[in-house]
Each structure stands twice: as structure tokens, then as C-alpha cells.
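K.L.:
Dumping the structure here so I can ask a few things about it.
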Amino acid sequence: MAGRAEIRGTDLHYVSTRGNAPSLSFEEVLLAGLARDGGLYVPGEWPSLGTDEIAALAGLPYADAAARIISPFVGEDIGADELLELLRDAYAGFSHPAVAPLVQIAPDQWLLELFHGPTLAFKDVALQVLARLMSRALVRRSRRVTIVGATSGDTGGAAIEAFRGRDAIDIFILHPKGRVSDVQRKQMTTAVEDNVHNIAVEGTFDDCQALVKAMFNDLELRDRLSLAAVNSINWARIMVQIVYYFTSAVALGAPFRPVSFSVPTGNFGDIFAGYAAARMGLPVQRLVIATNVNDILARALNTGIYESKSVVATSSPSMDIQVSSNFERLIFEMTGRDAGRVRTLMDAFGATGKITFAQEELDQLRVLFSAYRVDENKTALTMNSLLDETGYLADPHTAVGVAAACNEAGKGAPVIALSTAHPAKFPEAVERACSVLPPTPERLSSQLEREERYSVLADDMQRVSAFIIERARATESAGL
Ligand SMILES: *Cc1c(COP(=O)(O)O)cnc(C)c1O
């Protein structure tokens, strides 16, 4: 029990990757999102789990394992019983009793299915917990916040599903009008709760994102609305995602043998959670960064140059990203937690759209990470051969992960590819690759028939912020 006392004893605090923001408690980080110096919050030190503690996770219900893994990060901010209760409630709505089950696809290759939540994508795993944690923290502090986010598809639906009906929170999601799929739009716009506001912007996803960024950068507006972020710059999302790296590895023999993970990656949130698991003591042989043709991360790792190019639309749209916000967290670790070096590199990136890493930094990254780019053709071939060989129908994001995982197979450790979306979310791409239409789960088909509600606004900061100010309850008074 000495180990347990150690990780719980000192209250963990969080520091900014840029070193110029105050260190905060868990609950403060949960509500702050981005640090005021433009950096991202990370734990001041990594808690560690001993071999016995990792082994003891075997066979536990998912929520129970989650409580053990998360508790060192939340420290005294939540009692152990309350945390367990909250996690059980968050995962009660999942359609599989294991929450995140493993499926074997080859002698040493596995899929980790993360899409059994209410919107059929892995974002539910973290957002269902995040919404409950935020709501609890706000009620305790008698505060309200306004969540404003832009979505190109999956995040908006998962966030709305998690936050709808929560009294301390209003949620405004901007999507590019006519540029998200019918399924994705309906998953957002059929919520009936008054705290949910969908805005269809007459513009592109980049325009939506620029509007949100401009609102957050307007510090007066940010304070007036108590703006909060639910994208993966929020540490709590990463923290919750650490759990399934542990549970899946333990199911395959950890801590007594190592495992590798292949992670379809966009904003680097999910795979950073895998890195965190390794830092906490999980024996991870390799972490594979799997990208589609939007390959900034694969290029960074393979050439040492992190350089943004224009985004290309693919069949795995949730990974169509050219700036991976969470990569800054890894840069911080890679430089030995040198916030000055992070500032230099991020300033260079802001000015020139390019970072060149030093050879030692690159060597440091390559100790644990590999990266592969998977093009559209390879993605479709992988979906097709997986169906042929195993009868398994995978979505395109998952297929990118599986294609990259093959490069690590046969190297002594089982490879777990993260399966991040249900194939029914991307029926056209699945049908094109496999000539089979994935069956639509009942939960989704009933949602698709409900009435939609959204407002169409011009791509104009003044119009959009006025719309939000008029409706956000956080402006009414400082408290509730
Ligand atoms: C968000 C998302 C990803 C990418 O996750 P990151 O944390 O941004 O790297 C991959 N697949 C699906 C289906 C997603 O929704």
C-alpha cells in the first residue's frame, strides 16, 4: 500500500508548457482549458503505478480501473467514492459492458473498440466524463461557463451529447453550413435541450475555427462569457483517455509483457494519452503515429521538420488536420521540460509555419514513437482485406491505424490498433471500399428521424459573438 499512499499523498499541480502561467490544481485546469500564456497544461510530475498496481487492474470493471488510474491526477479535488460513482454513471450509457473491448484480427494484432458510446466515436469516452467533471466543479463554485467550439464533424456531436441539459453550461457549436455529413449534422442538431445552440456558418471549417479562436483571443469577451474549451487542449480529456491504454495492455499480459499501440492521429490528443500511460509505468514497446495524407506528424518524425501544409479532404475527416495542438505537450517532454525551448520553437512555428528539431530531440522522440502515412488507396485496401480475412468491417480512421500497425507486427509485442469510430458513421467510404453498407445501429437511426434545430449565420465575428452573448447565461451575473 506504500505506493498507493505515495501517488495520492501529494496533491498534483499542473504547469504550462510555456512556463509563464500560474500552476493550477486539477479543477482549475479542467475549467481553464488553454493556459493564459498560450501554452497547454501538463501534470507537474507524472504519477507512477507500480507493477502490482498495474497487475491488479486485470479483470476490473472499466469504471473501477478508470478510477484507480485517474485518481492521482485529480488529487484531493474529488473523493474516491464520488469519482467512482461519476465514472460508473458516465459509462453506463455505453452499449458494450466492457466499454472498450478488444477484438483479435491476427495472431499478434488486436483492435481496441472505442466507439460504443452514444455518438459511436471515441470522443464519447472522454467527453462523457469531462461533462460530468465540469458540471460538478461549476455547481460547487456556483459558476456558469459558455462552451464555444468549431467542428468538422465528430467532436461537435459528442460534445453536445455529453453537455446537453447541464444547467451550469451553455454550449455553442459552429459547423460549416452544408459541409458536414447528414449523419454528423443530425447528431448535433436534434438535441432538444435549451442549453444547446447549433450555428451553421456560411463558410468553411477553417472559418469556423478562426471565429472561435478570435473569440478566445478577445480576453474581454472570454471573461464576459466565461468561455470554456472542450477540445483536446483540455487536460482532462487526455487524462480520461489514458485509461484504455492500461486496460487493453493488461488484458494482453501487461505489466509482465510489453505491448505496442497504433493510433490514428489528428490533434495528437489520443496518442499523447498513450505516451502518458508509458510515463506512468505501462510497458509500451512502440507508439505508432498513424496519419492519413495530412501527414505533418509523420513528416516531423521521419524528417525532423514540423511544417504545416494545406489540408486535403480524405475519407477519415477527423484526422484532416495540419496543426496538431497537443504535439506541444510532447515537445515539452522531448526537450526535458524546457519551457524556454518550447516558447522558441512555438514562436518560430507561429512566424514561419515551420519547426526544425535538433538531432538529440528527434532521437528522443524516436525512442518510443514511429510514424506512418497511409494514403486513401491503402486505407480502402486495408478495409477490404480486413473484411475478407476476418469478416470485420472497420471505419476509415480505424483502417489507417490498422495499416500503420502492420509495420510493427512480428516485433515481439502484440500490436493494438485503436478503433476510433463505428463504420456506420462513414457508410459511403465503407461501401466504396468494401461494397457492403454497414448496418446502422438502432440508436443512430432513431436519432436521424428527429427534428433539427440550428441557426444559419454569416461568417462574421460581430454577428456570431452577438448571437452568443444574447443567449449565454454566463453573462447574466457573476454567479448562478
Ligand atoms: C478525433 C478523432 C481522431 C483523432 O484523434 P486525436 O486525438 O485528434 O489525434 C481519430 N479518429 C476519429 C474517429 C476521431 O473522431
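To be explicit about the labels: the chains of the C-alpha cells are called A, B, and onward in the order shown, and within each one the residues are counted from 1, while ligands get numbers from 1 in the order they are shown.
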Please identify all protein, DNA and RNA residues within 7 Å of ligand 1, counting only C-alpha atoms and all ligand atoms, and report them as number ranges by chain.

P.N.:
A: 121-123, 154-155, 232, 264-271, 318-319, 397, 420-421

K.L.:
Using only C-alpha atoms, determine which residues lie at most 9 Å from A:Gly59, disregarding the query and same-chain residues fewer than 3 positions distant; provide the list as a list in words.

P.N.:
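My reading of the contact set: Ala56, Tyr62, Ala65, Thr247, Val250 and Ala251 of chain A.
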
K.L.:
Using only C-alpha atoms, which of A:Asp206, A:Ala228, A:Pro61, A:Phe172 sits nearest A:Leu30?

P.N.:
A:Ala228

K.L.:
If DSSP is run on the backbone, what residues of stretch 177-239 of chain A are strand (DSSP E or B)? A reply as a PDB file with N, CA and C atoms, in the first residue's frame would be ideal.

P.N.:
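Output saved as out-v5.pdb:
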ATOM      1  N   VAL A 196     -28.360  23.940 -25.615  1.00  0.00           N
ATOM      2  CA  VAL A 196     -27.618  23.554 -26.820  1.00  0.00           C
ATOM      3  C   VAL A 196     -27.929  24.520 -27.958  1.00  0.00           C
ATOM      4  N   HIS A 197     -26.891  25.069 -28.580  1.00  0.00           N
ATOM      5  CA  HIS A 197     -27.065  26.012 -29.695  1.00  0.00           C
ATOM      6  C   HIS A 197     -26.168  25.612 -30.853  1.00  0.00           C
ATOM      7  N   ASN A 198     -26.791  25.295 -31.986  1.00  0.00           N
ATOM      8  CA  ASN A 198     -26.011  24.966 -33.184  1.00  0.00           C
ATOM      9  C   ASN A 198     -26.003  26.149 -34.138  1.00  0.00           C
ATOM     10  N   ILE A 199     -24.813  26.485 -34.613  1.00  0.00           N
ATOM     11  CA  ILE A 199     -24.687  27.581 -35.575  1.00  0.00           C
ATOM     12  C   ILE A 199     -24.071  27.029 -36.858  1.00  0.00           C
ATOM     13  N   ALA A 200     -24.828  27.130 -37.960  1.00  0.00           N
ATOM     14  CA  ALA A 200     -24.282  26.760 -39.263  1.00  0.00           C
ATOM     15  C   ALA A 200     -23.689  28.029 -39.863  1.00  0.00           C
ATOM     16  N   VAL A 201     -22.373  28.051 -40.002  1.00  0.00           N
ATOM     17  CA  VAL A 201     -21.684  29.243 -40.500  1.00  0.00           C
ATOM     18  C   VAL A 201     -21.567  29.152 -42.022  1.00  0.00           C
ATOM     19  N   GLU A 202     -21.855  30.273 -42.676  1.00  0.00           N
ATOM     20  CA  GLU A 202     -21.699  30.296 -44.132  1.00  0.00           C
ATOM     21  C   GLU A 202     -20.220  30.438 -44.459  1.00  0.00           C
ATOM     22  N   LEU A 227     -15.705  31.773 -21.204  1.00  0.00           N
ATOM     23  CA  LEU A 227     -15.546  30.778 -22.265  1.00  0.00           C
ATOM     24  C   LEU A 227     -14.766  29.567 -21.772  1.00  0.00           C
ATOM     25  N   ALA A 228     -15.216  28.392 -22.157  1.00  0.00           N
ATOM     26  CA  ALA A 228     -14.520  27.156 -21.795  1.00  0.00           C
ATOM     27  C   ALA A 228     -14.322  26.312 -23.057  1.00  0.00           C
TER      28      ALA A 228
END

K.L.:
Quote the spacing between atom CA of A:Thr189 and atom CA of A:Ala229 in Å to one decimal place.

P.N.:
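Result for atom CA of A:Thr189 versus atom CA of A:Ala229: 19.7 Å, one decimal.
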
K.L.:
Set the distance at 6 Å and use only C-alpha atoms: which residues neighbour stretch 356-360 of chain A once local chain neighbours fewer than 2 positions away are removed? I'd like the list as a list in words.

P.N.:
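Result of the neighbour search: Gly304, Ile305, Leu362 and Asp363 of chain A.
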
K.L.:
Keeping all heavy atoms, export the residues of the selection given above as a tab-separated table (two decimals), in the first residue's frame.

P.N.:
chain	number	residue	atom	x	y	z
A	304	GLY	N	12.35	15.34	-39.15
A	304	GLY	CA	12.81	16.32	-38.18
A	304	GLY	C	12.25	17.72	-38.44
A	304	GLY	O	12.57	18.66	-37.72
A	305	ILE	N	11.42	17.86	-39.47
A	305	ILE	CA	10.84	19.18	-39.77
A	305	ILE	C	9.33	19.11	-39.60
A	305	ILE	O	8.65	18.31	-40.25
A	305	ILE	CB	11.20	19.64	-41.20
A	305	ILE	CG1	12.72	19.76	-41.33
A	305	ILE	CG2	10.52	20.97	-41.52
A	305	ILE	CD1	13.19	19.99	-42.75
A	362	LEU	N	15.08	14.79	-31.85
A	362	LEU	CA	14.48	13.80	-32.73
A	362	LEU	C	14.79	12.38	-32.23
A	362	LEU	O	13.91	11.51	-32.19
A	362	LEU	CB	15.06	14.01	-34.13
A	362	LEU	CG	14.27	13.49	-35.31
A	362	LEU	CD1	12.84	13.98	-35.28
A	362	LEU	CD2	14.96	13.93	-36.61
A	363	ASP	N	16.04	12.15	-31.83
A	363	ASP	CA	16.43	10.84	-31.30
A	363	ASP	C	15.56	10.49	-30.09
A	363	ASP	O	15.13	9.34	-29.92
A	363	ASP	CB	17.90	10.84	-30.87
A	363	ASP	CG	18.83	10.95	-32.07
A	363	ASP	OD1	18.37	10.72	-33.21
A	363	ASP	OD2	20.02	11.28	-31.87

K.L.:
Quick one: pick out all alpha helix (DSSP H) residues within stretch 385-448 of chain A from a backbone DSSP run and write them as a PyMOL selection string.

P.N.:
chain A and resi 385-390+396-405+427-434+442-448

K.L.:
Pull the closest atom pair for each residue of stretch 345-419 of chain A that gets at most 6 Å from stretch 285-301 of chain A, along with the distance in Å to one decimal, counting only C-alpha atoms, ordering rows by chain and then ascending residue number, as a Markdown table.

P.N.:
| residue | atom | partner | partner_atom | distance |
| --- | --- | --- | --- | --- |
| A:Leu368 | CA | A:Arg286 | CA | 5.2 |
| A:Phe369 | CA | A:Leu287 | CA | 4.8 |
| A:Ser370 | CA | A:Val288 | CA | 4.8 |
| A:Ala371 | CA | A:Ile289 | CA | 4.4 |
| A:Tyr372 | CA | A:Ala290 | CA | 5.3 |
| A:Arg373 | CA | A:Thr291 | CA | 4.9 |
| A:Val374 | CA | A:Asn292 | CA | 4.9 |
| A:Asp375 | CA | A:Val293 | CA | 5.3 |
| A:Gly401 | CA | A:Ala290 | CA | 5.4 |
| A:Ala404 | CA | A:Ala290 | CA | 5.6 |

K.L.:
Find, counting only C-alpha atoms, the residue in A:Arg343, A:Arg337, A:Ile233, A:Val103 that gets nearest to A:Asn20.

P.N.:
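Ranked by minimum distance to A:Asn20, first place goes to A:Arg343.
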
K.L.:
Go ahead and compute the interatomic distance for atom CA of A:Arg224 and atom CA of A:Thr475, in Å to one decimal.

P.N.:
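According to the coordinates, atom CA of A:Arg224 and atom CA of A:Thr475 are separated by 6.0 Å.
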
K.L.:
Would you kindly return, as a CSV table (one decimal) with C-alpha atoms, in the first residue's frame, each protein, DNA or RNA residue with an atom no farther than 10 Å from any atom of A:Gly50, considering only C-alpha atoms and excluding same-chain residues fewer than 3 positions away?

P.N.:
chain,number,residue,atom,x,y,z
A,3,GLY,CA,2.9,3.0,-3.5
A,4,ARG,CA,-0.8,3.9,-3.3
A,53,GLU,CA,-0.9,-1.9,-9.1
A,54,ILE,CA,-0.9,-2.4,-12.8
A,55,ALA,CA,-1.4,-6.1,-12.5
A,56,ALA,CA,-4.3,-5.5,-10.1
A,255,PRO,CA,2.8,-5.4,-16.9
A,280,MET,CA,3.2,6.2,-15.6
A,281,GLY,CA,4.9,2.8,-15.9
A,282,LEU,CA,3.0,0.8,-18.5

K.L.:
Can you list, as a compact mmCIF listing (two decimals) with N, CA, C and O atoms, in the first residue's frame, every protein, DNA or RNA residue that comes within 12 Å of A:Leu381 when you count only C-alpha atoms, leaving out same-chain residues fewer than 2 positions away?

P.N.:
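Below is the file selection30.txt, written as the result:
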# COMPACT_ATOMS: atom_id res chain seq x y z
N VAL A 374 -0.63 6.92 -44.33
CA VAL A 374 -1.44 5.93 -45.05
C VAL A 374 -2.33 6.69 -46.05
O VAL A 374 -3.17 7.51 -45.63
N ASP A 375 -2.14 6.42 -47.34
CA ASP A 375 -2.92 7.19 -48.32
C ASP A 375 -4.32 6.58 -48.51
O ASP A 375 -4.66 5.55 -47.92
N GLU A 376 -5.13 7.24 -49.34
CA GLU A 376 -6.53 6.84 -49.50
C GLU A 376 -6.67 5.43 -50.06
O GLU A 376 -7.53 4.65 -49.65
N ASN A 377 -5.80 5.11 -51.03
CA ASN A 377 -5.85 3.80 -51.65
C ASN A 377 -5.55 2.69 -50.64
O ASN A 377 -6.26 1.70 -50.53
N LYS A 378 -4.49 2.91 -49.86
CA LYS A 378 -4.09 1.94 -48.84
C LYS A 378 -5.19 1.79 -47.77
O LYS A 378 -5.44 0.68 -47.27
N THR A 379 -5.83 2.90 -47.43
CA THR A 379 -6.91 2.86 -46.44
C THR A 379 -8.04 1.96 -46.94
O THR A 379 -8.53 1.08 -46.21
N MET A 383 -9.34 -1.76 -45.46
CA MET A 383 -10.72 -2.04 -45.07
C MET A 383 -11.19 -3.31 -45.78
O MET A 383 -11.81 -4.19 -45.18
N ASN A 384 -10.85 -3.38 -47.06
CA ASN A 384 -11.28 -4.51 -47.86
C ASN A 384 -10.63 -5.82 -47.42
O ASN A 384 -11.30 -6.84 -47.26
N SER A 385 -9.32 -5.81 -47.16
CA SER A 385 -8.68 -7.08 -46.80
C SER A 385 -9.04 -7.51 -45.38
O SER A 385 -9.17 -8.70 -45.09
N LEU A 386 -9.28 -6.54 -44.51
CA LEU A 386 -9.73 -6.89 -43.16
C LEU A 386 -11.08 -7.61 -43.22
O LEU A 386 -11.29 -8.62 -42.53
N LEU A 387 -11.96 -7.11 -44.06
CA LEU A 387 -13.27 -7.75 -44.21
C LEU A 387 -13.12 -9.16 -44.81
O LEU A 387 -13.71 -10.11 -44.31
N ASP A 388 -12.27 -9.25 -45.83
CA ASP A 388 -12.04 -10.55 -46.48
C ASP A 388 -11.47 -11.59 -45.53
O ASP A 388 -11.90 -12.73 -45.49
N GLU A 389 -10.46 -11.18 -44.75
CA GLU A 389 -9.71 -12.14 -43.95
C GLU A 389 -10.37 -12.45 -42.62
O GLU A 389 -10.19 -13.55 -42.08
N ALA A 394 -14.38 -2.28 -40.73
CA ALA A 394 -13.78 -1.17 -39.98
C ALA A 394 -14.08 0.15 -40.66
O ALA A 394 -14.30 0.20 -41.88
N PRO A 396 -12.92 4.09 -41.85
CA PRO A 396 -11.65 4.53 -42.47
C PRO A 396 -10.58 5.00 -41.46
O PRO A 396 -9.39 4.79 -41.70
N ALA A 399 -9.01 1.98 -40.16
CA ALA A 399 -8.20 1.34 -41.19
C ALA A 399 -6.82 1.99 -41.30
O ALA A 399 -5.82 1.30 -41.53
N VAL A 400 -6.76 3.29 -41.12
CA VAL A 400 -5.45 3.97 -41.14
C VAL A 400 -4.58 3.42 -40.00
O VAL A 400 -3.40 3.13 -40.19
N VAL A 402 -4.85 0.44 -38.57
CA VAL A 402 -4.52 -0.97 -38.84
C VAL A 402 -3.40 -1.04 -39.88
O VAL A 402 -2.43 -1.81 -39.73
N ALA A 403 -3.47 -0.21 -40.92
CA ALA A 403 -2.44 -0.22 -41.97
C ALA A 403 -1.08 0.12 -41.36
O ALA A 403 -0.07 -0.53 -41.65
N ALA A 429 -17.89 5.78 -47.37
CA ALA A 429 -16.50 5.34 -47.52
C ALA A 429 -16.39 3.83 -47.36
O ALA A 429 -15.64 3.16 -48.08
N VAL A 430 -17.16 3.28 -46.43
CA VAL A 430 -17.13 1.83 -46.20
C VAL A 430 -17.67 1.11 -47.43
O VAL A 430 -17.09 0.14 -47.92
N ARG A 432 -17.80 2.20 -50.53
CA ARG A 432 -16.87 2.36 -51.65
C ARG A 432 -15.73 1.33 -51.57
O ARG A 432 -15.33 0.73 -52.55
N ALA A 433 -15.21 1.12 -50.36
CA ALA A 433 -14.05 0.23 -50.20
C ALA A 433 -14.45 -1.24 -50.19
O ALA A 433 -13.71 -2.10 -50.67
N CYS A 434 -15.60 -1.55 -49.61
CA CYS A 434 -15.93 -2.95 -49.32
C CYS A 434 -17.16 -3.44 -50.09
O CYS A 434 -17.49 -4.63 -49.99
N SER A 435 -17.85 -2.57 -50.80
CA SER A 435 -19.11 -2.91 -51.47
C SER A 435 -20.15 -3.48 -50.50
O SER A 435 -20.99 -4.28 -50.89

K.L.:
What's around A:His13 at 10 Å? Count only C-alpha atoms, leave out sequence neighbours fewer than 6 positions away in its own chain, and write the answer as a list in words.

P.N.:
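Non-adjacent residues within range: Ser23, Leu24, Ser25, Phe26, Glu27, Glu28, Val29, Tyr41, Val42, Pro43, Gly44, Glu45, Phe73, Val74 and Gly75 of chain A.
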
K.L.:
Next, dump the selected residues to file, keeping only N, CA and C atoms, as a CSV table (one decimal), in the first residue's frame.

P.N.:
chain,number,residue,atom,x,y,z
A,23,SER,N,0.8,27.8,-11.9
A,23,SER,CA,0.4,26.4,-11.8
A,23,SER,C,-0.9,26.3,-11.1
A,24,LEU,N,-1.7,25.3,-11.6
A,24,LEU,CA,-3.1,25.2,-11.1
A,24,LEU,C,-3.4,23.8,-10.6
A,25,SER,N,-4.5,23.8,-9.9
A,25,SER,CA,-5.0,22.5,-9.4
A,25,SER,C,-5.8,21.8,-10.5
A,26,PHE,N,-6.1,20.5,-10.3
A,26,PHE,CA,-6.9,19.8,-11.3
A,26,PHE,C,-8.2,20.5,-11.7
A,27,GLU,N,-8.9,20.9,-10.7
A,27,GLU,CA,-10.2,21.5,-11.1
A,27,GLU,C,-10.0,22.9,-11.8
A,28,GLU,N,-9.0,23.6,-11.5
A,28,GLU,CA,-8.7,24.9,-12.2
A,28,GLU,C,-8.4,24.6,-13.6
A,29,VAL,N,-7.6,23.6,-13.9
A,29,VAL,CA,-7.1,23.2,-15.2
A,29,VAL,C,-8.4,22.7,-16.0
A,41,TYR,N,-1.6,22.9,-20.4
A,41,TYR,CA,-1.3,22.4,-19.1
A,41,TYR,C,-0.9,20.9,-19.1
A,42,VAL,N,0.1,20.6,-18.4
A,42,VAL,CA,0.5,19.2,-18.2
A,42,VAL,C,0.8,18.9,-16.7
A,43,PRO,N,0.7,17.7,-16.2
A,43,PRO,CA,1.0,17.4,-14.8
A,43,PRO,C,2.4,17.9,-14.4
A,44,GLY,N,2.5,18.5,-13.2
A,44,GLY,CA,3.9,19.0,-12.8
A,44,GLY,C,4.8,17.8,-12.7
A,45,GLU,N,4.3,16.6,-12.4
A,45,GLU,CA,5.2,15.4,-12.5
A,45,GLU,C,4.2,14.3,-12.8
A,73,PHE,N,-4.4,12.0,-10.6
A,73,PHE,CA,-4.4,13.2,-11.4
A,73,PHE,C,-5.4,14.2,-10.8
A,74,VAL,N,-6.5,13.7,-10.2
A,74,VAL,CA,-7.5,14.7,-9.6
A,74,VAL,C,-7.2,15.0,-8.2
A,75,GLY,N,-6.3,14.3,-7.5
A,75,GLY,CA,-5.8,14.6,-6.2
A,75,GLY,C,-7.0,14.7,-5.2

K.L.:
I need the residue nearest A:Pro101 from this list: A:Gly353, A:Glu451, A:Pro72, A:Tyr245. Use only C-alpha atoms for the distance.

P.N.:
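Of all the options, A:Tyr245 lies closest to A:Pro101.
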
K.L.:
Please determine, counting only C-alpha atoms, which residue among A:Val125, A:Val259, A:Lys177, A:Val243 has the shortest atom-to-atom distance to A:Lys411.

P.N.:
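Looking at the shortest contact to A:Lys411, the residue is A:Val259.
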
K.L.:
Excluding A:Arg164 and any residue of its chain fewer than 2 positions from it, enumerate the residues within 10 Å of it, using only C-alpha atoms, and give them as a PyMOL selection string.

P.N.:
chain A and resi 131+159-162+166-167+169-171+191-197

K.L.:
Could you check the closest approach to A:Leu112 for each of A:Leu12, A:Val456, A:Val436, A:Val263 and tell me which residue wins, using only C-alpha atoms?

P.N.:
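Counting only C-alpha atoms, the residue closest to A:Leu112 is A:Val263.
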
K.L.:
From the list A:Ile147, A:Ala106, A:Met134, A:Val180, which residue is nearest A:Phe426 when using only C-alpha atoms?

P.N.:
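Closest to A:Phe426 of all the choices is A:Val180.
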